[in-house]
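query-v3.csv (CSV, C-alpha atoms)
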```
chain,number,residue,atom,x,y,z
A,2,MET,CA,90.9,-44.1,-11.7
A,3,PHE,CA,91.5,-47.4,-13.4
A,4,THR,CA,94.4,-47.9,-15.9
A,5,ARG,CA,95.2,-51.0,-17.9
A,6,SER,CA,98.5,-52.5,-16.8
A,7,GLY,CA,101.2,-54.2,-19.1
A,8,ASP,CA,100.1,-57.7,-18.1
A,9,GLY,CA,96.5,-57.2,-19.1
A,10,GLY,CA,95.1,-56.4,-15.6
A,11,TYR,CA,93.9,-53.2,-14.1
A,12,GLU,CA,95.6,-50.9,-11.6
A,13,VAL,CA,93.9,-48.5,-9.2
A,14,THR,CA,95.8,-45.2,-9.1
A,15,THR,CA,95.3,-41.6,-8.1
A,16,ARG,CA,96.4,-38.8,-10.3
A,17,ALA,CA,98.3,-37.0,-7.5
A,18,THR,CA,100.3,-39.7,-5.8
A,19,PRO,CA,99.8,-43.3,-7.1
A,20,ARG,CA,100.4,-45.9,-4.5
A,21,LEU,CA,103.5,-48.1,-4.6
A,22,ARG,CA,101.4,-51.2,-4.8
A,23,ALA,CA,100.1,-50.0,-8.2
A,24,VAL,CA,103.7,-50.3,-9.4
A,25,LEU,CA,104.6,-53.6,-7.7
A,26,ALA,CA,101.3,-55.2,-8.8
A,27,ASN,CA,102.6,-55.3,-12.3
A,28,ARG,CA,104.3,-58.7,-12.9
A,29,GLU,CA,106.5,-57.4,-15.8
A,30,PHE,CA,107.9,-54.5,-13.7
A,31,ARG,CA,108.6,-56.8,-10.8
A,32,ALA,CA,110.7,-59.0,-13.0
A,33,LEU,CA,112.6,-56.1,-14.5
A,34,TRP,CA,113.1,-54.5,-11.1
A,35,PHE,CA,114.3,-57.7,-9.5
A,36,ALA,CA,116.7,-58.5,-12.4
A,37,GLU,CA,118.2,-55.0,-12.4
A,38,THR,CA,118.7,-54.8,-8.6
A,39,GLN,CA,120.4,-58.1,-8.0
A,40,SER,CA,122.6,-57.6,-11.1
A,41,MET,CA,123.7,-54.2,-9.8
A,42,LEU,CA,124.7,-55.7,-6.5
A,43,GLY,CA,126.7,-58.3,-8.4
A,44,ASP,CA,128.3,-55.5,-10.5
A,45,GLN,CA,129.6,-53.8,-7.4
A,46,LEU,CA,131.3,-57.1,-6.5
A,47,THR,CA,133.0,-57.2,-9.9
A,48,ILE,CA,134.3,-53.7,-9.7
A,49,VAL,CA,135.8,-54.3,-6.2
A,50,ALA,CA,137.1,-57.7,-7.2
A,51,LEU,CA,138.9,-56.5,-10.3
A,52,ALA,CA,140.4,-53.5,-8.5
A,53,ILE,CA,141.8,-55.9,-5.8
A,54,LEU,CA,142.9,-58.6,-8.4
A,55,ILE,CA,144.7,-56.2,-10.7
A,56,PHE,CA,146.4,-54.3,-7.8
A,57,ASP,CA,147.5,-57.6,-6.2
A,58,ARG,CA,149.0,-58.8,-9.5
A,59,THR,CA,150.7,-55.6,-10.7
A,60,GLY,CA,151.0,-53.3,-7.7
A,61,SER,CA,149.9,-50.4,-10.0
A,62,PRO,CA,147.4,-47.8,-8.8
A,63,LEU,CA,147.1,-46.6,-12.4
A,64,LEU,CA,145.9,-50.0,-13.7
A,65,SER,CA,143.4,-50.2,-10.9
A,66,ALA,CA,142.1,-46.8,-11.9
A,67,VAL,CA,141.9,-47.9,-15.5
A,68,VAL,CA,139.6,-50.7,-14.5
A,69,TYR,CA,137.3,-48.2,-12.8
A,70,SER,CA,137.3,-46.0,-15.9
A,71,LEU,CA,136.4,-49.0,-18.0
A,72,THR,CA,133.0,-49.2,-16.3
A,73,PHE,CA,132.2,-45.9,-18.1
A,74,LEU,CA,133.9,-45.8,-21.4
A,75,PRO,CA,132.2,-48.8,-23.1
A,76,ALA,CA,128.9,-47.6,-21.8
A,77,LEU,CA,129.5,-44.3,-23.6
A,78,ALA,CA,130.2,-46.0,-27.0
A,79,GLY,CA,127.5,-48.5,-26.6
A,80,GLY,CA,125.0,-45.8,-25.6
A,81,LEU,CA,125.3,-44.1,-28.9
A,82,GLY,CA,125.6,-47.1,-31.1
A,83,LEU,CA,124.5,-50.4,-29.6
A,84,ALA,CA,121.5,-48.9,-27.8
A,85,GLN,CA,119.8,-48.7,-31.2
A,86,LEU,CA,119.4,-52.5,-31.2
A,87,ALA,CA,116.7,-52.0,-28.6
A,88,ASP,CA,114.5,-50.4,-31.4
A,89,ARG,CA,115.4,-52.7,-34.3
A,90,PHE,CA,114.7,-56.0,-32.4
A,91,PRO,CA,112.2,-57.2,-29.9
A,92,ARG,CA,113.2,-55.5,-26.6
A,93,ARG,CA,112.7,-58.6,-24.4
A,94,ALA,CA,115.0,-60.5,-26.7
A,95,VAL,CA,117.6,-57.8,-26.6
A,96,LEU,CA,117.5,-57.7,-22.8
A,97,VAL,CA,117.7,-61.5,-22.4
A,98,THR,CA,120.6,-61.7,-24.9
A,99,GLY,CA,122.5,-58.9,-23.2
A,100,SER,CA,122.1,-60.5,-19.8
A,101,PHE,CA,123.1,-63.9,-21.0
A,102,ALA,CA,126.2,-62.5,-22.8
A,103,GLN,CA,127.3,-60.7,-19.6
A,104,ALA,CA,126.8,-64.0,-17.6
A,105,VAL,CA,129.1,-65.8,-20.1
A,106,LEU,CA,131.7,-63.1,-20.3
A,107,ILE,CA,132.0,-62.5,-16.5
A,108,GLY,CA,131.9,-66.2,-15.9
A,109,LEU,CA,135.0,-66.5,-18.1
A,110,MET,CA,136.6,-63.7,-16.1
A,111,ALA,CA,136.1,-65.8,-12.9
A,112,LEU,CA,138.3,-68.6,-14.2
A,113,PRO,CA,141.5,-68.7,-12.0
A,114,SER,CA,144.7,-67.4,-13.6
A,115,MET,CA,142.9,-65.6,-16.4
A,116,PRO,CA,145.6,-63.5,-18.2
A,117,MET,CA,145.5,-59.8,-17.5
A,118,GLY,CA,144.9,-58.8,-21.1
A,119,TRP,CA,141.9,-61.2,-21.4
A,120,LEU,CA,140.4,-59.8,-18.2
A,121,PHE,CA,140.5,-56.3,-19.7
A,122,ALA,CA,139.0,-57.5,-23.0
A,123,LEU,CA,136.3,-59.6,-21.4
A,124,PHE,CA,135.3,-56.8,-19.1
A,125,VAL,CA,135.0,-54.3,-21.9
A,126,CYS,CA,132.9,-56.7,-23.9
A,127,ALA,CA,130.6,-57.2,-20.9
A,128,ARG,CA,130.1,-53.5,-20.5
A,129,LEU,CA,129.3,-53.2,-24.2
A,130,ALA,CA,126.8,-56.0,-23.9
A,131,ASN,CA,125.1,-54.0,-21.1
A,132,ALA,CA,124.3,-51.0,-23.4
A,133,PRO,CA,121.6,-52.4,-25.6
A,134,GLY,CA,120.1,-54.3,-22.6
A,135,ASN,CA,119.9,-51.1,-20.6
A,136,ALA,CA,118.3,-49.3,-23.4
A,137,ALA,CA,115.8,-52.1,-23.9
A,138,GLN,CA,114.9,-52.1,-20.2
A,139,ASN,CA,114.3,-48.3,-20.1
A,140,ALA,CA,112.1,-48.5,-23.2
A,141,LEU,CA,110.2,-51.5,-21.8
A,142,GLY,CA,109.5,-49.6,-18.6
A,143,ARG,CA,107.5,-47.0,-20.5
A,144,GLU,CA,105.6,-49.6,-22.6
A,145,ILE,CA,104.6,-51.5,-19.5
A,146,PHE,CA,102.8,-48.5,-17.8
A,147,ALA,CA,100.3,-46.5,-19.8
A,148,ASP,CA,99.7,-44.1,-16.9
A,149,ASP,CA,102.3,-41.3,-16.5
A,150,ASP,CA,102.0,-41.1,-12.7
A,151,VAL,CA,102.5,-44.8,-12.2
A,152,TYR,CA,105.4,-44.9,-14.6
A,153,LEU,CA,107.1,-42.0,-12.8
A,154,GLN,CA,106.7,-43.8,-9.5
A,155,SER,CA,108.2,-46.9,-11.0
A,156,GLN,CA,111.3,-44.9,-12.0
A,157,ASP,CA,111.4,-43.4,-8.5
A,158,LEU,CA,111.5,-47.0,-7.1
A,159,ARG,CA,114.3,-47.9,-9.5
A,160,GLY,CA,116.3,-44.8,-8.4
A,161,ILE,CA,115.9,-45.6,-4.8
A,162,THR,CA,116.8,-49.3,-5.1
A,163,ASN,CA,119.7,-48.7,-7.5
A,164,ASN,CA,121.4,-46.1,-5.3
A,165,THR,CA,120.8,-48.3,-2.2
A,166,ALA,CA,122.2,-51.4,-4.1
A,167,MET,CA,125.3,-49.4,-5.1
A,168,LEU,CA,125.9,-48.2,-1.6
A,169,ALA,CA,125.4,-51.7,-0.1
A,170,GLY,CA,127.5,-53.4,-2.7
A,171,LEU,CA,130.4,-51.0,-2.4
A,172,ALA,CA,130.2,-51.0,1.4
A,173,ALA,CA,130.2,-54.8,1.8
A,174,GLY,CA,132.0,-55.6,-1.4
A,175,GLY,CA,135.5,-55.3,-0.1
A,176,LEU,CA,134.8,-57.4,3.0
A,177,LEU,CA,133.0,-60.1,0.9
A,178,VAL,CA,135.6,-60.2,-1.8
A,179,THR,CA,138.5,-60.6,0.7
A,180,SER,CA,136.5,-63.4,2.4
A,181,ILE,CA,135.5,-65.5,-0.6
A,182,GLY,CA,138.2,-64.5,-3.1
A,183,THR,CA,138.0,-62.6,-6.4
A,184,SER,CA,137.1,-65.6,-8.6
A,185,TRP,CA,134.0,-66.5,-6.5
A,186,ALA,CA,133.0,-62.8,-6.4
A,187,LEU,CA,133.1,-62.7,-10.2
A,188,ALA,CA,131.2,-66.0,-10.4
A,189,ILE,CA,128.4,-64.6,-8.2
A,190,ASP,CA,128.1,-61.6,-10.5
A,191,ALA,CA,127.8,-64.0,-13.5
A,192,LEU,CA,125.1,-65.9,-11.6
A,193,THR,CA,123.1,-62.7,-11.1
A,194,PHE,CA,123.0,-62.2,-14.9
A,195,LEU,CA,121.8,-65.8,-15.4
A,196,VAL,CA,119.0,-65.2,-12.9
A,197,SER,CA,118.1,-62.0,-14.8
A,198,THR,CA,118.0,-63.8,-18.0
A,199,VAL,CA,115.6,-66.4,-16.7
A,200,ALA,CA,113.4,-63.9,-14.9
A,201,VAL,CA,113.0,-61.6,-17.9
A,202,ARG,CA,112.4,-64.5,-20.3
A,203,LEU,CA,109.7,-66.0,-18.1
A,204,MET,CA,107.9,-63.0,-16.8
A,205,VAL,CA,108.1,-60.2,-19.4
A,206,LEU,CA,105.7,-60.3,-22.4
A,207,ARG,CA,107.1,-60.6,-25.9
A,208,ARG,CA,106.5,-57.6,-28.0
A,209,PRO,CA,107.4,-57.0,-31.7
A,210,ALA,CA,110.3,-54.7,-32.5
A,211,ALA,CA,109.2,-51.1,-32.0
A,212,GLY,CA,111.3,-49.5,-34.7
A,213,ASN,CA,111.9,-49.8,-38.4
A,214,GLY,CA,115.0,-51.9,-39.2
A,215,GLY,CA,115.6,-49.8,-42.3
A,216,ALA,CA,115.7,-46.5,-40.4
A,217,PRO,CA,119.0,-44.4,-40.4
A,218,TRP,CA,121.4,-45.8,-37.8
A,219,PHE,CA,121.7,-42.4,-35.9
A,220,GLY,CA,118.3,-41.0,-37.0
A,221,ALA,CA,117.2,-40.7,-33.4
A,222,VAL,CA,120.0,-38.1,-32.7
A,223,ARG,CA,118.6,-35.8,-35.4
A,224,GLN,CA,115.0,-36.3,-34.1
A,225,VAL,CA,115.9,-35.6,-30.5
A,226,PHE,CA,117.9,-32.4,-31.2
A,227,GLY,CA,115.3,-31.3,-33.7
A,228,ASP,CA,112.7,-30.9,-30.9
A,229,GLU,CA,113.3,-28.0,-28.4
A,230,ARG,CA,111.5,-29.8,-25.6
A,231,LEU,CA,113.8,-32.7,-25.7
A,232,ARG,CA,116.9,-30.5,-26.1
A,233,VAL,CA,115.9,-28.6,-22.9
A,234,LEU,CA,115.4,-31.9,-21.0
A,235,LEU,CA,118.9,-32.9,-22.1
A,236,TYR,CA,120.3,-29.6,-20.8
A,237,LEU,CA,118.6,-30.1,-17.5
A,238,SER,CA,120.2,-33.5,-17.1
A,239,TRP,CA,123.6,-32.2,-18.1
A,240,LEU,CA,123.6,-29.8,-15.1
A,241,VAL,CA,124.2,-32.9,-13.0
A,242,GLY,CA,127.7,-32.8,-14.4
A,243,LEU,CA,128.6,-29.9,-12.1
A,244,ALA,CA,126.7,-31.4,-9.2
A,245,VAL,CA,128.9,-34.5,-9.1
A,246,ILE,CA,132.1,-32.6,-8.8
A,247,PRO,CA,132.3,-33.1,-5.0
A,248,GLU,CA,132.5,-36.9,-5.5
A,249,GLY,CA,135.9,-36.5,-7.3
A,250,LEU,CA,137.1,-34.2,-4.5
A,251,ALA,CA,136.1,-36.3,-1.5
A,252,ALA,CA,139.7,-37.1,-0.4
A,253,PRO,CA,141.1,-33.5,-0.6
A,254,LEU,CA,137.9,-32.1,0.9
A,255,ALA,CA,138.2,-34.4,3.9
A,256,ALA,CA,141.9,-33.3,4.3
A,257,GLN,CA,140.9,-29.7,4.1
A,258,LEU,CA,138.2,-30.1,6.7
A,259,GLY,CA,140.8,-31.8,9.0
A,260,ALA,CA,138.6,-34.9,9.2
A,261,GLY,CA,141.0,-37.6,8.1
A,262,ASP,CA,140.6,-40.5,5.7
A,263,GLN,CA,137.7,-42.0,7.6
A,264,ALA,CA,135.5,-39.0,6.5
A,265,VAL,CA,136.1,-39.8,2.8
A,266,GLY,CA,133.4,-42.5,2.9
A,267,TRP,CA,131.0,-40.3,4.7
A,268,LEU,CA,131.4,-37.5,2.1
A,269,LEU,CA,130.9,-40.0,-0.7
A,270,ALA,CA,127.8,-41.5,0.9
A,271,ALA,CA,126.1,-38.2,1.7
A,272,ASP,CA,124.9,-37.5,-1.9
A,273,PRO,CA,123.4,-40.9,-2.7
A,274,LEU,CA,121.8,-41.1,0.7
A,275,GLY,CA,120.3,-37.7,0.1
A,276,PHE,CA,119.2,-38.8,-3.3
A,277,VAL,CA,117.3,-41.7,-1.9
A,278,LEU,CA,115.5,-39.5,0.6
A,279,GLY,CA,114.7,-36.8,-2.0
A,280,THR,CA,113.3,-39.4,-4.4
A,281,PHE,CA,111.1,-40.8,-1.7
A,282,LEU,CA,109.7,-37.4,-0.7
A,283,LEU,CA,109.1,-36.3,-4.3
A,284,SER,CA,107.4,-39.6,-5.1
A,285,ARG,CA,105.2,-39.6,-2.0
A,286,PHE,CA,104.1,-36.0,-1.9
A,287,VAL,CA,104.5,-34.3,-5.3
A,288,SER,CA,102.4,-35.2,-8.4
A,289,THR,CA,103.9,-35.8,-11.8
A,290,GLU,CA,102.4,-32.6,-13.2
A,291,HIS,CA,103.9,-30.4,-10.4
A,292,ARG,CA,107.3,-32.2,-10.6
A,293,ARG,CA,107.5,-31.4,-14.3
A,294,ARG,CA,106.4,-27.8,-13.7
A,295,LEU,CA,109.1,-27.3,-11.1
A,296,LEU,CA,112.0,-28.9,-13.0
A,297,GLY,CA,113.8,-25.6,-13.7
A,298,VAL,CA,113.7,-24.6,-10.0
A,299,LEU,CA,114.6,-28.1,-8.8
A,300,ALA,CA,117.6,-28.3,-11.1
A,301,ALA,CA,119.1,-25.1,-9.6
A,302,LEU,CA,118.8,-26.3,-5.9
A,303,PRO,CA,121.7,-28.8,-5.9
A,304,LEU,CA,123.9,-26.1,-7.4
A,305,ALA,CA,122.8,-23.6,-4.7
A,306,ALA,CA,123.8,-26.2,-2.1
A,307,LEU,CA,127.3,-26.5,-3.6
A,308,ALA,CA,127.6,-22.7,-3.9
A,309,ALA,CA,127.2,-22.6,-0.1
A,310,PHE,CA,130.6,-24.2,0.3
A,311,ALA,CA,131.9,-20.6,-0.2
A,312,LEU,CA,131.0,-20.3,3.6
A,313,ARG,CA,133.8,-22.8,4.4
A,314,PRO,CA,131.5,-25.3,6.2
A,315,ASN,CA,132.9,-27.7,8.9
A,316,LEU,CA,132.5,-31.5,8.3
A,317,ALA,CA,128.9,-31.7,9.7
A,318,ALA,CA,127.7,-28.8,7.6
A,319,ALA,CA,129.5,-30.2,4.5
A,320,LEU,CA,127.7,-33.5,5.0
A,321,ILE,CA,124.4,-31.7,5.3
A,322,LEU,CA,125.0,-29.6,2.1
A,323,LEU,CA,126.0,-32.7,0.1
A,324,ALA,CA,123.0,-34.5,1.3
A,325,LEU,CA,120.8,-31.6,0.3
A,326,ALA,CA,122.5,-31.5,-3.1
A,327,GLY,CA,121.7,-35.2,-3.5
A,328,ALA,CA,118.1,-34.9,-2.3
A,329,THR,CA,117.3,-32.0,-4.6
A,330,GLY,CA,119.2,-33.8,-7.4
A,331,ALA,CA,116.5,-36.4,-7.4
A,332,TYR,CA,114.8,-34.1,-10.0
A,333,VAL,CA,116.8,-35.9,-12.7
A,334,ILE,CA,114.5,-39.0,-12.4
A,335,THR,CA,111.6,-36.7,-13.5
A,336,VAL,CA,113.8,-35.4,-16.4
A,337,SER,CA,114.6,-38.9,-17.5
A,338,ALA,CA,111.0,-40.2,-17.3
A,339,THR,CA,109.7,-37.2,-19.1
A,340,PHE,CA,112.3,-37.5,-21.8
A,341,ILE,CA,111.4,-41.2,-22.4
A,342,THR,CA,107.7,-40.4,-22.4
A,343,TRP,CA,108.0,-37.6,-24.9
A,344,VAL,CA,110.0,-39.5,-27.5
A,345,PRO,CA,108.1,-41.9,-29.8
A,346,ASN,CA,108.2,-45.6,-28.9
A,347,ASP,CA,110.0,-46.6,-32.1
A,348,ILE,CA,113.2,-44.6,-31.1
A,349,ARG,CA,113.0,-44.9,-27.3
A,350,GLY,CA,115.9,-47.3,-27.2
A,351,SER,CA,118.2,-45.1,-29.3
A,352,ALA,CA,117.0,-41.8,-27.6
A,353,GLY,CA,117.5,-43.4,-24.2
A,354,GLY,CA,121.0,-44.4,-25.1
A,355,LEU,CA,121.7,-40.8,-26.3
A,356,TYR,CA,120.3,-39.4,-23.0
A,357,ARG,CA,122.4,-41.8,-20.9
A,358,THR,CA,125.5,-41.1,-22.9
A,359,GLY,CA,125.1,-37.4,-22.5
A,360,LEU,CA,124.6,-37.8,-18.8
A,361,ARG,CA,127.7,-39.9,-18.4
A,362,VAL,CA,129.8,-37.5,-20.5
A,363,ALA,CA,128.6,-34.5,-18.4
A,364,GLN,CA,129.5,-36.4,-15.2
A,365,GLY,CA,132.9,-37.4,-16.4
A,366,VAL,CA,133.8,-34.0,-17.8
A,367,GLY,CA,132.5,-32.3,-14.6
A,368,VAL,CA,134.7,-34.5,-12.3
A,369,GLY,CA,137.7,-33.9,-14.6
A,370,LEU,CA,137.2,-30.1,-14.7
A,371,GLY,CA,136.7,-30.2,-10.9
A,372,GLY,CA,140.0,-31.9,-10.4
A,373,LEU,CA,141.8,-29.3,-12.7
A,374,ALA,CA,140.2,-26.4,-10.9
A,375,ALA,CA,141.1,-27.8,-7.5
A,376,GLN,CA,144.7,-28.2,-8.6
A,377,ALA,CA,144.8,-24.6,-9.8
A,378,LEU,CA,142.9,-23.1,-6.8
A,379,GLY,CA,144.5,-25.3,-4.2
A,380,SER,CA,141.2,-25.6,-2.4
A,381,ALA,CA,138.4,-28.2,-2.6
A,382,ASN,CA,136.0,-25.9,-0.8
A,383,ALA,CA,136.6,-23.1,-3.4
A,384,THR,CA,136.3,-25.5,-6.3
A,385,ILE,CA,132.9,-26.9,-5.1
A,386,ALA,CA,131.6,-23.4,-4.5
A,387,LEU,CA,132.8,-22.3,-7.9
A,388,ALA,CA,131.1,-25.3,-9.5
A,389,GLY,CA,127.8,-24.3,-7.8
A,390,ALA,CA,128.1,-20.7,-8.8
A,391,VAL,CA,128.8,-21.5,-12.5
A,392,GLY,CA,126.0,-24.1,-12.4
A,393,LEU,CA,123.5,-21.5,-11.1
A,394,LEU,CA,124.5,-19.2,-14.0
A,395,LEU,CA,123.9,-22.0,-16.5
A,396,ALA,CA,120.7,-23.1,-14.7
A,397,VAL,CA,118.9,-19.8,-15.1
A,398,PRO,CA,118.6,-19.8,-18.9
A,399,VAL,CA,117.8,-23.5,-18.9
A,400,ALA,CA,115.1,-23.0,-16.3
A,401,LEU,CA,113.6,-20.1,-18.4
A,402,ALA,CA,113.7,-22.3,-21.5
A,403,TRP,CA,111.9,-25.1,-19.6
A,404,ARG,CA,109.3,-22.6,-18.4
A,405,ARG,CA,108.6,-21.7,-22.0
A,406,VAL,CA,108.5,-25.2,-23.5
A,407,GLY,CA,107.7,-27.5,-20.6
A,408,GLY,CA,104.0,-26.9,-20.8
A,409,ALA,CA,103.9,-27.9,-24.4
A,410,GLY,CA,102.1,-31.1,-23.4
A,411,PRO,CA,103.1,-34.7,-23.1
A,412,GLU,CA,102.3,-35.6,-26.7
A,413,PRO,CA,105.3,-37.5,-28.0
A,414,LEU,CA,107.4,-36.3,-30.9
A,415,ARG,CA,106.1,-37.9,-34.1
A,416,SER,CA,108.7,-39.8,-36.1
```

Rendering of file as structure tokens:
Amino acid sequence: MFTRSGDGGYEVTTRATPRLRAVLANREFRALWFAETQSMLGDQLTIVALAILIFDRTGSPLLSAVVYSLTFLPALAGGLGLAQLADRFPRRAVLVTGSFAQAVLIGLMALPSMPMGWLFALFVCARLANAPGNAAQNALGREIFADDDVYLQSQDLRGITNNTAMLAGLAAGGLLVTSIGTSWALAIDALTFLVSTVAVRLMVLRRPAAGNGGAPWFGAVRQVFGDERLRVLLYLSWLVGLAVIPEGLAAPLAAQLGAGDQAVGWLLAADPLGFVLGTFLLSRFVSTEHRRRLLGVLAALPLAALAAFALRPNLAAALILLALAGATGAYVITVSATFITWVPNDIRGSAGGLYRTGLRVAQGVGVGLGGLAAQALGSANATIALAGAVGLLLAVPVALAWRRVGGAGPEPLRS
């Protein structure tokens, strides 16, 4: 079939498994994809550089951990509030402004001998500036592709490249930062945002603001929670909060397995590597319709893999189970894409911010609860198995609810 693309051309797709070239043929998507990927690589350099810089200056592991937590906290606040700017103003302008603001703020952080307090303040502001830009990018992605299958495949490609970029950035980040210095690493990240600004400004079409500037500031929250289909999609995404618990227990799990510190990196890498593989397989072999239909089952599979830790696996088996959890956890891309598709365009920025915030909170709470449980039980294996078992109990009613409402059709909620 032929579908009109965002840049005015036509794309040849099949309903079952649209080809990757149908996604990459779109000029606007290529610009957004390139901008996001290289900025994410730069962000990993910033995270590593700040951790090294602050530890070198203060010798405090606590302050180094605080820096890492700051990558999440501003995103949570911005996701609920600032994301609404992506509906009130033209989304290309929001994305360009956010990228340029981050380039300036991180560029200031790169200045030698920047005081510690200013480093923290600039970093928080940079993360806040990312929230409306991220919301605008997610909403633009749905506007660019009219066809559901092609849109979902574009989100699969984003998921694969984002996870690969994170792994590559963190793997090489330490070596690169120590080679070129923290100031140059921060300067490189600032440059990636300048490149993003130019790419989006030149290659993404200008569209008018999607929403009503006079709408209630948190009106999207009421609309989303007022629709059962969207609520169930949120619940499906929140189950990921239990699936990420092993990430917070990688070090104690490695020790319990008798594998030593070198295994910590392997345990951390198993899930995202599995996620990349699972996303590729779903994208290549399962249609959008079937992926949506199977969401309830797919959401339970990562938790079943974690529950298998009750069998006390050795290192090899643990790596396989974590990779399986990551591979089946790729269902969350379908959840996100369906959520963005089913909300009306005029609140997609706000609703996307709400979705992302809920996902981040679920992950943060899950890791925190996992740490408390591990402390009480004295066993990382038992904690991961417990998380899987509890998750399966929660997944059953959510899966049944999805079976009831998931076939309600793709018509978006009317605002």

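Of note, atom CA of Ile53 of chain A and atom CA of Ala130 of chain A are spaced 23.5 Å apart.
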
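Taking only C-alpha atoms into account, Arg92 of chain A lies nearest to A:Glu144 out of the set A:Glu144, A:Asp272, A:Asp44, A:Glu229.
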
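What separates atom CA of Ala396 of chain A from atom CA of Trp267 of chain A is a distance of 27.9 Å.
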
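Remark: for Ala251 of chain A, the closest of the candidate residues A:Gly297, A:Gly372, A:Pro133, A:Pro345 is A:Gly372 (distances computed over only C-alpha atoms).
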
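Relative to atom CA of Met167 of chain A, atom CA of Gly108 of chain A is found at 21.0 Å.
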